[in-house]
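Student: mmCIF, C-alpha atoms, saved as data_37.cif, coming up:
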```
data_my_file
#
loop_
_atom_site.label_atom_id
_atom_site.label_comp_id
_atom_site.auth_asym_id
_atom_site.auth_seq_id
_atom_site.Cartn_x
_atom_site.Cartn_y
_atom_site.Cartn_z
CA MET L 1 -31.28 13.69 1.19
CA ALA L 2 -28.51 14.66 3.60
CA GLU L 3 -25.26 12.83 3.09
CA GLU L 4 -24.59 10.78 6.16
CA VAL L 5 -20.89 10.58 6.84
CA LYS L 6 -19.40 8.91 9.89
CA LEU L 7 -15.80 8.42 10.82
CA PHE L 8 -14.69 5.79 13.31
CA LYS L 9 -11.36 6.78 14.82
CA THR L 10 -9.52 7.32 18.10
CA PHE L 11 -8.30 10.61 19.54
CA SER L 12 -4.69 9.84 18.65
CA THR L 13 -4.90 7.83 15.44
CA THR L 14 -2.32 8.93 12.89
CA PHE L 15 -4.09 7.22 10.02
CA GLY L 16 -7.46 8.56 11.08
CA LEU L 17 -6.11 12.08 11.33
CA ARG L 18 -5.39 12.09 7.59
CA VAL L 19 -9.05 11.44 6.96
CA VAL L 20 -10.13 14.12 9.46
CA GLN L 21 -7.91 16.60 7.63
CA ALA L 22 -9.17 15.60 4.19
CA LEU L 23 -12.79 15.97 5.31
CA LYS L 24 -11.99 19.39 6.77
CA LEU L 25 -10.15 20.52 3.62
CA LYS L 26 -13.25 19.69 1.64
CA GLY L 27 -15.67 21.11 4.16
CA ILE L 28 -17.52 17.82 4.58
CA GLU L 29 -19.66 17.46 7.66
CA TYR L 30 -19.44 14.20 9.50
CA GLU L 31 -20.06 12.47 12.79
CA ALA L 32 -16.88 11.38 14.58
CA ILE L 33 -17.02 8.24 16.67
CA ASP L 34 -14.02 7.78 18.96
CA GLU L 35 -13.35 4.14 19.64
CA ASP L 36 -11.79 2.49 22.65
CA LEU L 37 -9.53 -0.04 20.95
CA SER L 38 -9.38 -2.25 24.02
CA ASN L 39 -13.16 -2.54 23.77
CA LYS L 40 -14.13 -2.19 20.13
CA SER L 41 -17.71 -1.35 19.37
CA PRO L 42 -19.93 -3.90 17.58
CA LEU L 43 -20.43 -1.28 14.88
CA LEU L 44 -16.71 -1.00 14.18
CA LEU L 45 -16.40 -4.78 13.96
CA HIS L 46 -19.39 -4.85 11.64
CA TYR L 47 -17.99 -2.16 9.35
CA ASN L 48 -14.42 -3.44 9.31
CA PRO L 49 -14.54 -7.19 9.81
CA VAL L 50 -11.29 -7.76 7.91
CA TYR L 51 -8.92 -5.58 9.95
CA LYS L 52 -11.10 -4.49 12.92
CA LYS L 53 -9.21 -1.19 12.92
CA VAL L 54 -9.71 2.53 12.64
CA PRO L 55 -10.17 4.62 10.62
CA VAL L 56 -13.39 3.55 8.95
CA LEU L 57 -15.44 5.98 6.91
CA VAL L 58 -19.11 5.14 6.54
CA HIS L 59 -20.90 7.05 3.80
CA SER L 60 -24.64 6.52 3.56
CA GLY L 61 -24.21 3.16 5.29
CA LYS L 62 -21.33 2.00 3.07
CA PRO L 63 -18.07 1.34 4.93
CA ILE L 64 -14.61 2.06 3.57
CA SER L 65 -11.43 1.21 5.45
CA GLU L 66 -7.67 1.65 4.94
CA SER L 67 -6.75 5.31 5.12
CA LEU L 68 -5.33 5.65 1.59
CA VAL L 69 -8.38 3.94 0.10
CA ILE L 70 -10.59 6.29 2.14
CA LEU L 71 -8.66 9.36 0.95
CA GLU L 72 -9.08 8.40 -2.70
CA TYR L 73 -12.77 7.69 -2.12
CA ILE L 74 -13.25 11.10 -0.53
CA ASP L 75 -11.48 12.81 -3.43
CA GLU L 76 -13.59 11.00 -6.02
CA THR L 77 -16.88 11.57 -4.23
CA TRP L 78 -16.51 15.22 -3.20
CA LYS L 79 -14.91 17.15 -6.03
CA GLN L 80 -14.20 20.47 -4.30
CA ASN L 81 -10.61 21.24 -3.20
CA PRO L 82 -9.09 18.17 -4.82
CA ILE L 83 -6.26 16.45 -2.95
CA LEU L 84 -5.03 14.71 -6.07
CA PRO L 85 -3.99 16.68 -9.17
CA GLU L 86 -5.51 16.19 -12.62
CA ASP L 87 -2.43 14.98 -14.43
CA PRO L 88 -1.98 11.16 -14.27
CA PHE L 89 1.79 11.39 -13.85
CA GLU L 90 1.46 13.78 -10.92
CA ARG L 91 -1.23 11.55 -9.41
CA ALA L 92 1.16 8.60 -9.71
CA ARG L 93 3.81 10.68 -7.97
CA GLU L 94 1.50 11.48 -5.03
CA ARG L 95 0.51 7.83 -4.71
CA PHE L 96 4.16 6.76 -4.84
CA TRP L 97 5.08 9.05 -1.95
CA ALA L 98 2.03 8.06 0.09
CA LYS L 99 3.15 4.45 -0.23
CA PHE L 100 6.73 5.39 0.53
CA ASN L 101 5.68 6.96 3.81
CA ASP L 102 3.52 4.05 4.90
CA GLU L 103 5.82 1.26 3.76
CA LYS L 104 9.28 2.73 4.30
CA LEU L 105 9.60 6.02 6.16
CA LEU L 106 7.10 5.48 8.96
CA PRO L 107 8.19 1.91 9.82
CA THR L 108 11.90 2.78 9.86
CA ILE L 109 11.43 5.86 12.03
CA TRP L 110 9.07 3.95 14.27
CA GLY L 111 11.75 1.28 14.59
CA VAL L 112 14.16 3.84 15.99
CA PHE L 113 11.76 4.55 18.83
CA ILE L 114 10.74 1.04 19.72
CA LYS L 115 13.86 -1.01 19.01
CA GLU L 116 17.10 -1.36 20.89
CA GLY L 117 20.78 -1.98 20.21
CA LYS L 118 21.75 -3.13 16.76
CA ASP L 119 18.13 -3.15 15.52
CA ARG L 120 17.81 0.47 16.50
CA GLU L 121 21.04 1.36 14.66
CA GLU L 122 19.73 -0.30 11.52
CA ALA L 123 16.43 1.52 11.86
CA MET L 124 18.32 4.79 12.27
CA ALA L 125 20.39 4.16 9.14
CA GLY L 126 17.22 3.34 7.22
CA SER L 127 15.52 6.47 8.53
CA VAL L 128 18.40 8.69 7.48
CA GLU L 129 18.33 7.28 3.96
CA ASN L 130 14.56 7.55 3.68
CA LEU L 131 14.51 11.11 5.02
CA LYS L 132 17.09 12.09 2.41
CA PHE L 133 14.78 10.93 -0.35
CA VAL L 134 11.91 12.90 1.13
CA GLU L 135 14.08 16.01 1.48
CA GLU L 136 15.01 15.71 -2.23
CA GLU L 137 11.38 15.49 -3.22
CA LEU L 138 10.59 18.80 -1.53
CA LYS L 139 13.09 20.77 -3.67
CA GLY L 140 11.38 23.82 -5.13
CA LYS L 141 8.06 23.00 -3.52
CA LYS L 142 6.11 24.44 -0.64
CA PHE L 143 4.06 21.29 -0.21
CA PHE L 144 4.49 17.81 -1.67
CA GLY L 145 1.45 18.71 -3.71
CA GLY L 146 3.10 21.89 -5.00
CA ASP L 147 1.39 25.13 -3.96
CA LYS L 148 -1.32 23.46 -1.99
CA ILE L 149 -1.80 20.48 0.28
CA GLY L 150 -2.34 17.15 -1.46
CA LEU L 151 -2.54 13.45 -0.68
CA ALA L 152 1.16 13.06 0.05
CA ASP L 153 1.11 16.01 2.47
CA LEU L 154 -1.74 14.43 4.42
CA VAL L 155 0.13 11.14 4.55
CA PHE L 156 3.45 12.72 5.63
CA GLY L 157 1.46 14.91 7.99
CA TRP L 158 2.35 12.87 11.09
CA LEU L 159 5.85 14.34 10.83
CA GLY L 160 4.36 17.73 11.54
CA ASN L 161 3.04 16.66 14.89
CA LEU L 162 3.68 13.15 16.14
CA MET L 163 7.39 13.34 15.28
CA GLY L 164 7.95 16.17 17.74
CA ILE L 165 6.12 14.27 20.45
CA LEU L 166 8.16 11.10 19.88
CA GLU L 167 11.39 13.09 19.92
CA GLU L 168 10.38 14.94 23.08
CA VAL L 169 9.49 11.77 24.99
CA SER L 170 12.48 9.72 23.82
CA GLY L 171 15.10 12.44 23.84
CA LEU L 172 16.15 11.34 20.35
CA LYS L 173 16.38 13.86 17.54
CA ILE L 174 15.81 12.45 14.09
CA VAL L 175 14.54 15.22 11.86
CA ASP L 176 17.33 17.72 12.40
CA GLU L 177 19.14 20.47 10.49
CA ARG L 178 20.21 17.94 7.83
CA TYR L 179 16.68 18.31 6.49
CA PRO L 180 15.95 22.03 6.17
CA LEU L 181 13.24 21.62 3.52
CA LEU L 182 11.45 18.99 5.56
CA LEU L 183 11.62 21.15 8.69
CA ALA L 184 10.19 24.07 6.73
CA TRP L 185 7.43 21.87 5.34
CA MET L 186 6.59 20.55 8.81
CA LYS L 187 6.05 24.09 10.00
CA GLU L 188 4.01 25.11 6.91
CA PHE L 189 1.83 22.05 7.13
CA SER L 190 1.16 21.99 10.85
CA GLU L 191 0.35 25.71 10.93
CA HIS L 192 -1.86 25.66 7.86
CA PRO L 193 -5.22 27.20 8.84
CA VAL L 194 -7.17 24.06 8.03
CA ILE L 195 -4.69 21.67 9.63
CA LYS L 196 -3.64 23.39 12.82
CA ASP L 197 -6.84 22.79 14.76
CA THR L 198 -6.97 19.11 13.91
CA TRP L 199 -3.99 18.05 16.02
CA PRO L 200 -4.95 16.00 19.08
CA ALA L 201 -4.21 17.68 22.43
CA HIS L 202 -0.45 17.89 22.87
CA ASP L 203 -0.39 17.09 26.58
CA LYS L 204 -2.64 14.11 26.16
CA MET L 205 -0.36 12.80 23.42
CA ILE L 206 2.77 13.28 25.54
CA ILE L 207 1.25 11.35 28.42
CA ARG L 208 0.12 8.63 26.09
CA GLN L 209 3.59 8.35 24.54
CA HIS L 210 5.25 8.09 27.97
CA LEU L 211 2.85 5.29 28.86
CA GLN L 212 3.63 3.48 25.62
CA ALA L 213 7.37 3.79 26.20
CA LEU L 214 6.97 2.44 29.71
CA LEU L 215 4.89 -0.49 28.54
CA THR L 216 7.41 -1.31 25.84
CA ARG L 217 10.36 -1.20 28.24
CA THR L 218 8.67 -3.31 30.87
CA GLY L 219 7.64 -5.83 28.24
CA GLY L 220 4.00 -4.84 28.53
CA ILE L 221 1.46 -5.40 25.83
CA PHE L 222 2.54 -3.40 22.88
CA LEU L 223 -0.49 -1.42 21.84
CA CYS L 224 -0.66 -0.18 18.33
CA ASN L 225 1.02 3.18 18.88
CA LEU L 226 -0.38 4.77 15.82
CA SER L 227 -4.00 4.24 16.72
CA MET J 1 3.93 12.92 -30.75
CA ALA J 2 4.39 9.18 -30.74
CA GLU J 3 3.85 7.58 -27.37
CA GLU J 4 6.95 5.78 -26.19
CA VAL J 5 6.23 3.17 -23.57
CA LYS J 6 8.86 0.94 -22.00
CA LEU J 7 8.46 -1.64 -19.28
CA PHE J 8 11.39 -2.79 -17.19
CA GLY J 9 10.31 -6.14 -15.84
CA MET J 10 11.28 -9.61 -14.79
CA TRP J 11 9.65 -12.82 -15.96
CA ALA J 12 9.24 -14.31 -12.47
CA SER J 13 7.78 -11.24 -10.80
CA PRO J 14 3.99 -11.23 -10.38
CA PHE J 15 4.20 -7.43 -10.00
CA SER J 16 5.87 -7.11 -13.36
CA ARG J 17 3.34 -9.48 -14.93
CA ARG J 18 0.48 -7.33 -13.64
CA VAL J 19 1.72 -4.38 -15.60
CA GLU J 20 2.13 -6.48 -18.74
CA LEU J 21 -1.44 -7.66 -18.30
CA ALA J 22 -2.72 -4.10 -17.96
CA LEU J 23 -0.76 -2.96 -21.02
CA LYS J 24 -2.12 -5.81 -23.12
CA LEU J 25 -5.68 -5.26 -21.90
CA LYS J 26 -5.47 -1.71 -23.13
CA GLY J 27 -3.70 -2.65 -26.33
CA ILE J 28 -0.82 -0.30 -25.57
CA PRO J 29 2.31 -1.02 -27.62
CA TYR J 30 5.41 -1.15 -25.45
CA GLU J 31 9.02 -2.19 -25.41
CA TYR J 32 9.81 -4.80 -22.80
CA ILE J 33 13.20 -4.87 -21.13
CA GLU J 34 13.99 -7.99 -19.13
CA GLU J 35 16.07 -7.15 -16.08
CA ASP J 36 18.62 -9.42 -14.46
CA LEU J 37 17.95 -8.59 -10.82
CA SER J 38 21.38 -9.80 -9.75
CA ASN J 39 22.89 -7.28 -12.16
CA LYS J 40 20.51 -4.35 -12.47
CA SER J 41 20.88 -2.12 -15.49
CA PRO J 42 22.01 1.50 -15.11
CA LEU J 43 18.72 2.54 -16.71
CA LEU J 44 16.66 0.73 -14.08
CA LEU J 45 18.66 2.39 -11.31
CA LYS J 46 18.21 5.75 -13.00
CA TYR J 47 14.44 5.35 -13.34
CA ASN J 48 13.88 3.84 -9.91
CA PRO J 49 16.64 5.16 -7.67
CA ILE J 50 14.67 4.78 -4.46
CA HIS J 51 13.51 1.19 -4.62
CA LYS J 52 15.73 -0.12 -7.44
CA LYS J 53 13.05 -2.64 -8.34
CA VAL J 54 10.89 -3.82 -11.18
CA PRO J 55 8.42 -3.15 -12.62
CA VAL J 56 9.13 0.34 -13.88
CA LEU J 57 7.02 1.88 -16.61
CA VAL J 58 8.63 4.67 -18.58
CA HIS J 59 6.21 6.74 -20.63
CA ASN J 60 7.83 9.37 -22.83
CA GLU J 61 10.88 9.31 -20.57
CA LYS J 62 8.86 9.71 -17.35
CA PRO J 63 9.10 6.79 -14.92
CA VAL J 64 6.25 5.35 -12.85
CA THR J 65 6.95 2.66 -10.26
CA GLU J 66 4.97 0.33 -7.96
CA SER J 67 2.79 -2.11 -9.90
CA LEU J 68 -0.63 -0.93 -8.71
CA VAL J 69 0.34 2.73 -9.06
CA ILE J 70 1.39 1.91 -12.64
CA VAL J 71 -1.90 0.13 -13.32
CA GLU J 72 -3.86 3.18 -12.14
CA TYR J 73 -1.60 5.43 -14.21
CA LEU J 74 -2.29 3.36 -17.32
CA ASP J 75 -6.00 3.46 -16.60
CA GLU J 76 -6.00 7.24 -16.25
CA THR J 77 -3.84 7.87 -19.30
CA TRP J 78 -5.43 5.46 -21.76
CA LYS J 79 -9.19 5.67 -21.40
CA ASN J 80 -10.17 2.64 -23.50
CA ASN J 81 -11.08 -0.67 -21.81
CA PRO J 82 -11.31 0.79 -18.32
CA ILE J 83 -9.66 -1.26 -15.62
CA LEU J 84 -11.10 0.35 -12.49
CA PRO J 85 -14.89 0.57 -12.14
CA GLN J 86 -16.57 3.96 -12.49
CA ASP J 87 -18.34 4.09 -9.14
CA PRO J 88 -16.18 5.44 -6.27
CA TYR J 89 -17.41 2.82 -3.80
CA GLU J 90 -16.68 -0.04 -6.20
CA ARG J 91 -13.26 1.49 -6.83
CA ALA J 92 -12.64 1.62 -3.07
CA LYS J 93 -13.54 -2.06 -2.74
CA ALA J 94 -11.22 -3.05 -5.59
CA ARG J 95 -8.36 -1.05 -4.08
CA PHE J 96 -9.04 -2.45 -0.62
CA TRP J 97 -8.81 -6.08 -1.76
CA ALA J 98 -5.79 -5.51 -3.99
CA LYS J 99 -4.07 -4.01 -0.94
CA PHE J 100 -5.12 -6.98 1.18
CA ILE J 101 -3.55 -9.36 -1.32
CA ASP J 102 -0.28 -7.40 -1.37
CA LYS J 103 -0.04 -6.52 2.32
CA LYS J 104 -1.28 -9.72 3.90
CA LEU J 105 -1.35 -12.76 1.62
CA LEU J 106 1.72 -12.06 -0.42
CA PRO J 107 4.27 -11.62 2.41
CA THR J 108 2.94 -14.73 4.14
CA VAL J 109 3.29 -16.91 1.05
CA SER J 110 6.65 -15.38 0.09
CA LYS J 111 8.12 -16.54 3.37
CA LEU J 112 6.94 -20.10 2.87
CA GLY J 113 9.55 -21.04 0.28
CA HIS J 114 12.31 -20.59 2.86
CA MET J 115 10.64 -22.13 5.86
CA ALA J 116 10.53 -25.51 7.49
CA GLY J 117 8.98 -27.28 10.45
CA LYS J 118 6.79 -25.45 12.93
CA GLU J 119 7.51 -22.06 11.42
CA LYS J 120 6.28 -23.28 8.05
CA GLU J 121 3.12 -24.78 9.57
CA GLU J 122 2.32 -21.50 11.27
CA ALA J 123 2.85 -19.57 8.06
CA ILE J 124 0.59 -21.96 6.16
CA GLU J 125 -2.10 -21.53 8.77
CA GLU J 126 -1.76 -17.77 8.55
CA ALA J 127 -2.08 -17.90 4.75
CA GLN J 128 -5.18 -20.04 5.03
CA GLN J 129 -6.77 -17.70 7.55
CA GLN J 130 -6.15 -14.80 5.20
CA LEU J 131 -7.55 -16.72 2.25
CA LYS J 132 -10.60 -17.55 4.34
CA ILE J 133 -11.18 -13.86 5.03
CA MET J 134 -11.09 -13.19 1.30
CA GLU J 135 -13.29 -16.17 0.53
CA ASP J 136 -15.93 -15.14 3.07
CA GLU J 137 -16.01 -11.49 2.10
CA LEU J 138 -15.85 -11.88 -1.66
CA LYS J 139 -17.99 -14.90 -2.31
CA GLY J 140 -21.07 -12.90 -3.23
CA MET J 141 -19.04 -10.97 -5.80
CA GLN J 142 -19.83 -11.25 -9.46
CA PHE J 143 -17.09 -12.49 -11.67
CA PHE J 144 -15.83 -10.30 -14.48
CA ALA J 145 -17.95 -10.38 -17.64
CA GLY J 146 -16.68 -12.30 -20.64
CA GLN J 147 -13.08 -11.53 -21.51
CA ARG J 148 -13.13 -8.15 -19.69
CA ILE J 149 -11.20 -8.23 -16.47
CA GLY J 150 -10.53 -5.38 -14.07
CA TYR J 151 -8.23 -4.01 -11.40
CA LEU J 152 -8.79 -6.64 -8.73
CA ASP J 153 -8.52 -9.44 -11.30
CA ILE J 154 -5.15 -8.03 -12.33
CA ALA J 155 -4.02 -7.83 -8.69
CA ALA J 156 -5.22 -11.41 -8.23
CA ASN J 157 -2.50 -12.74 -10.54
CA VAL J 158 -0.72 -13.15 -7.22
CA LEU J 159 -3.25 -15.85 -6.30
CA ILE J 160 -2.28 -17.76 -9.42
CA TRP J 161 1.36 -17.42 -8.34
CA PHE J 162 0.43 -18.88 -4.92
CA ARG J 163 -0.62 -22.09 -6.56
CA ILE J 164 2.81 -22.46 -8.12
CA VAL J 165 4.55 -21.76 -4.81
CA GLY J 166 2.20 -24.13 -3.01
CA GLU J 167 2.91 -26.96 -5.40
CA PHE J 168 6.64 -26.38 -5.08
CA ILE J 169 6.71 -26.53 -1.30
CA GLY J 170 4.47 -29.58 -1.42
CA GLU J 171 1.60 -27.89 0.34
CA THR J 172 -1.63 -27.17 -1.45
CA ILE J 173 -2.62 -24.11 0.50
CA LEU J 174 -5.18 -22.96 -2.03
CA THR J 175 -7.63 -25.79 -2.76
CA ALA J 176 -11.01 -25.98 -4.44
CA GLU J 177 -12.49 -27.67 -1.38
CA LYS J 178 -11.42 -25.05 1.14
CA PHE J 179 -11.79 -21.94 -1.04
CA PRO J 180 -14.33 -22.72 -3.78
CA PHE J 181 -14.97 -19.09 -4.75
CA ILE J 182 -11.31 -18.09 -5.03
CA TRP J 183 -10.55 -21.32 -6.86
CA GLU J 184 -13.26 -20.75 -9.43
CA TRP J 185 -12.17 -17.13 -9.83
CA ILE J 186 -8.61 -18.20 -10.63
CA GLU J 187 -9.78 -20.95 -12.97
CA LYS J 188 -11.93 -18.47 -14.89
CA LEU J 189 -9.08 -15.98 -15.03
CA MET J 190 -6.73 -18.55 -16.43
CA GLU J 191 -9.09 -19.25 -19.32
CA ILE J 192 -8.68 -15.73 -20.62
CA ASP J 193 -6.21 -15.39 -23.48
CA VAL J 194 -4.49 -12.25 -22.32
CA VAL J 195 -4.09 -13.63 -18.79
CA LYS J 196 -2.58 -16.81 -20.23
CA GLU J 197 -0.04 -14.73 -22.12
CA CYS J 198 1.08 -13.08 -18.89
CA LEU J 199 1.31 -16.12 -16.65
CA ILE J 200 4.59 -16.91 -14.94
CA PRO J 201 5.71 -20.20 -16.55
CA LYS J 202 5.30 -22.82 -13.85
CA GLU J 203 8.19 -25.20 -14.49
CA ARG J 204 10.67 -22.41 -15.05
CA TYR J 205 9.55 -20.76 -11.81
CA GLN J 206 9.82 -23.96 -9.84
CA ASP J 207 13.33 -24.48 -11.24
CA LEU J 208 14.18 -21.00 -9.99
CA MET J 209 12.79 -21.76 -6.53
CA GLN J 210 14.87 -24.93 -6.44
CA LEU J 211 17.99 -22.98 -7.40
CA ASN J 212 17.34 -20.45 -4.64
CA ARG J 213 16.73 -23.18 -2.14
CA ASN J 214 19.98 -24.92 -3.07
CA ALA J 215 21.87 -21.65 -2.89
CA SER J 216 20.65 -20.90 0.62
CA LYS J 217 21.50 -24.42 1.74
CA HIS J 218 25.02 -23.87 0.41
CA ALA J 219 25.27 -20.53 2.14
CA SER J 220 24.35 -21.99 5.51
CA ASN J 221 26.80 -24.93 5.19
#
```
Rewrite the coordinates I just gave you, this time as structure tokens.
Tutor:
Amino acid sequence: MAEEVKLFKTFSTTFGLRVVQALKLKGIEYEAIDEDLSNKSPLLLHYNPVYKKVPVLVHSGKPISESLVILEYIDETWKQNPILPEDPFERARERFWAKFNDEKLLPTIWGVFIKEGKDREEAMAGSVENLKFVEEELKGKKFFGGDKIGLADLVFGWLGNLMGILEEVSGLKIVDERYPLLLAWMKEFSEHPVIKDTWPAHDKMIIRQHLQALLTRTGGIFLCNLS
Amino acid sequence: MAEEVKLFGMWASPFSRRVELALKLKGIPYEYIEEDLSNKSPLLLKYNPIHKKVPVLVHNEKPVTESLVIVEYLDETWKNNPILPQDPYERAKARFWAKFIDKKLLPTVSKLGHMAGKEKEEAIEEAQQQLKIMEDELKGMQFFAGQRIGYLDIAANVLIWFRIVGEFIGETILTAEKFPFIWEWIEKLMEIDVVKECLIPKERYQDLMQLNRNASKHASN
């Protein structure tokens, strides 16, 4: 019986992209369904009634949502090219950094781009501190996972692509020469043969980001930028 | 080599209590170090330099932080009395709901202790909406068998903590009438010996909340 794998996402979703990359790393075939978040499909709402968000992976009719939960599910279900190591301590380390990105790094950096005045300064200070920790973690390593891409790399992956777009549109430079290891990692990761073709079209992303910035400034509805 | 396991924790932290529960479920001997969070020990800061928080598990000198990451670490290192189910889809469901508790319910209820008036009412409504989502989605779920509890049950110690907070602020957010499944789940959990051992003592916690409330009143005067 053929495995039926579907992935509900959008063209730009940061969290969905991790799942796309994991599926590609493992060579898993799937059907991609791009959602219009202003007009969510009944299927999406059926499969993710709790959050009504992307990404949602549906495997043989069973839905899984929340990108980190999906990544672990993928790793446990398809054993080739593991994204988590064998050793429990190293697995804990990958999970720690995945959480760190989602709960600390990403929100603080995001804050720099969407906040103003004193709030922006605070977000910048937080970002600098968080980036320092990440830089430390990369010492002696090519990827967060060591010699090959792992869970933490997929989760930090947005730095390899979206970061540049945000910096280009805003004119703000955040990941600069203070973080040589991170800059090197960003290049390694985004040019990795499996990863490089997964990035959403650059021009489309730039336009989208300009629109978002405009909406934010004019007090428009703040769409979820990461979707 | 003898296994050396230490837990840096705090009596009032549901996150810390989760790890204690997991350790006891697995019968892992450990040394417990109670932290004074207003005066954190050099060891805690050494083992958790990024977040500087409890709980921290130190196993043969290697630190693991974040309560649910620790619970998974324990489950992968000590194979007896498994905490997570075997099936990947069941594991995904357990992780999903544990995350929901921590990312949605917990922040909402944490805020409640400091709120008043309209803000408080809105937060209560938000908490109830979130509880309703859980109630609706989980109510078909089978309870744990006998004295064996698992990952989501451990994460749900936060629901027990909600009851204490609710009583303190004089609002019963979590009631048997509104959320019969969740209520019964908590009641069943609290009958289990090892869960009882790891409960946050109610009166002591409420005294602490009162102290904090008084302190913030003072600060704003």
Student: In Å, rounded to a single decimal, give me how far atom CA of L:Thr198 is from atom CA of L:Leu17.
Tutor: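 The value is 7.5 Å.
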Student: Could you produce a table of the residues of chain L lying within 7 Å of chain J, with the nearest pair of atoms per residue and their separation in Å rounded to one decimal, using all atoms listed in the file, ordered by chain and increasing residue number, as JSON lines?
Tutor:
```
{"residue": "L:Val50", "atom": "CA", "partner": "J:Ile133", "partner_atom": "CA", "distance": 6.7}
{"residue": "L:Ile64", "atom": "CA", "partner": "J:Ala92", "partner_atom": "CA", "distance": 6.9}
{"residue": "L:Val69", "atom": "CA", "partner": "J:Ala92", "partner_atom": "CA", "distance": 5.8}
{"residue": "L:Tyr73", "atom": "CA", "partner": "J:Pro88", "partner_atom": "CA", "distance": 5.8}
{"residue": "L:Glu76", "atom": "CA", "partner": "J:Pro88", "partner_atom": "CA", "distance": 6.1}
{"residue": "L:Thr77", "atom": "CA", "partner": "J:Pro88", "partner_atom": "CA", "distance": 6.5}
{"residue": "L:Pro88", "atom": "CA", "partner": "J:Tyr73", "partner_atom": "CA", "distance": 5.7}
{"residue": "L:Phe89", "atom": "CA", "partner": "J:Tyr73", "partner_atom": "CA", "distance": 6.9}
{"residue": "L:Ala92", "atom": "CA", "partner": "J:Val69", "partner_atom": "CA", "distance": 6.0}
{"residue": "L:Arg95", "atom": "CA", "partner": "J:Val69", "partner_atom": "CA", "distance": 6.7}
{"residue": "L:Phe96", "atom": "CA", "partner": "J:Val69", "partner_atom": "CA", "distance": 7.0}
```
Student: With only C-alpha atoms as the counted atoms, please give the residues lying no more than 9 Å from L:Ile83, apart from itself and same-chain residues fewer than 4 positions off, as an NGL selection string.
Tutor: :L and (22 or 25-26 or 71-72 or 75 or 145 or 148-152 or 154)
Student: Quick one: distance from atom CA of L:Glu94 to atom CA of J:Cys198 in Å, one decimal?
Tutor: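 Computed distance, atom CA of L:Glu94 to atom CA of J:Cys198, equals 28.2 Å.
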Student: Which residues are near J:Lys196? Cut-off 12 Å, all atoms listed in the file, ignore same chain within fewer than 4 positions. Put them as a PDB file with C-alpha atoms, keeping the file's coordinate frame.
Tutor:
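Contents of result.pdb, as written:
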```
ATOM      1  CA  ARG J  17       3.340  -9.480 -14.930  1.00  0.00           C
ATOM      2  CA  ARG J  18       0.480  -7.330 -13.640  1.00  0.00           C
ATOM      3  CA  GLU J  20       2.130  -6.480 -18.740  1.00  0.00           C
ATOM      4  CA  LEU J  21      -1.440  -7.660 -18.300  1.00  0.00           C
ATOM      5  CA  LYS J  24      -2.120  -5.810 -23.120  1.00  0.00           C
ATOM      6  CA  GLN J 147     -13.080 -11.530 -21.510  1.00  0.00           C
ATOM      7  CA  ASN J 157      -2.500 -12.740 -10.540  1.00  0.00           C
ATOM      8  CA  ILE J 160      -2.280 -17.760  -9.420  1.00  0.00           C
ATOM      9  CA  ILE J 186      -8.610 -18.200 -10.630  1.00  0.00           C
ATOM     10  CA  GLU J 187      -9.780 -20.950 -12.970  1.00  0.00           C
ATOM     11  CA  LYS J 188     -11.930 -18.470 -14.890  1.00  0.00           C
ATOM     12  CA  LEU J 189      -9.080 -15.980 -15.030  1.00  0.00           C
ATOM     13  CA  MET J 190      -6.730 -18.550 -16.430  1.00  0.00           C
ATOM     14  CA  GLU J 191      -9.090 -19.250 -19.320  1.00  0.00           C
ATOM     15  CA  ILE J 192      -8.680 -15.730 -20.620  1.00  0.00           C
ATOM     16  CA  ILE J 200       4.590 -16.910 -14.940  1.00  0.00           C
ATOM     17  CA  PRO J 201       5.710 -20.200 -16.550  1.00  0.00           C
ATOM     18  CA  LYS J 202       5.300 -22.820 -13.850  1.00  0.00           C
TER      19      LYS J 202
END
```
Student: Quick check on the file I pasted: which residues fall under the PyMOL selection byres ((chain J and resi 38-41) around 12)? Write them as a VMD selection string.
Tutor: chain J and resid 8 to 10 33 to 37 42 to 49 51 to 54
Student: Do a neighbour search on L:Glu167 at 12 Å with only C-alpha atoms, toss out local chain neighbours closer than 3 positions, and write the hits as a PyMOL selection string.
Tutor: chain L and resi 109-110+112-113+159-164+170-176+206+209-210+213
Student: Which is closest to L:Pro49 among L:Leu37, L:Thr10, L:Ser65, L:Ala184, if we use only C-alpha atoms?
Tutor: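 Comparing L:Leu37, L:Thr10, L:Ser65, L:Ala184 against L:Pro49, the winner is L:Ser65.
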Student: Out of L:Ala123, L:Ile195, L:Leu44, L:Leu105, which residue has the shortest atom-to-atom distance to L:Glu135 when counting only C-alpha atoms?
Tutor: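 Nearest candidate to L:Glu135 out of L:Ala123, L:Ile195, L:Leu44, L:Leu105: L:Leu105.
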Student: List, as a list in words, every residue that the PyMOL selection byres ((chain J and resi 111-125) around 9) selects in the file provided.
Tutor: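 For this structure, the PyMOL selection byres ((chain J and resi 111-125) around 9) captures Leu106, Pro107, Thr108, Val109, Ser110, Glu126, Ala127, Gln128, Gln129, Gln130, Val165, Gly166, Phe168, Ile169, Glu171, Ile173, Met209, Arg213 and Ser216 of chain J.
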Student: What's the separation between atom CA of J:Tyr30 and atom CA of L:Glu137, in Å to one decimal place?
Tutor: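 Atom CA of L:Glu137 lies at a distance of 28.4 Å from atom CA of J:Tyr30.
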Student: Can you list, as a VMD selection string, the residues that the PyMOL selection byres ((chain L and resi 11) around 9) selects here?
Tutor: chain L and resid 9 to 10 12 to 13 16 to 17 34 to 35 200 to 201 227
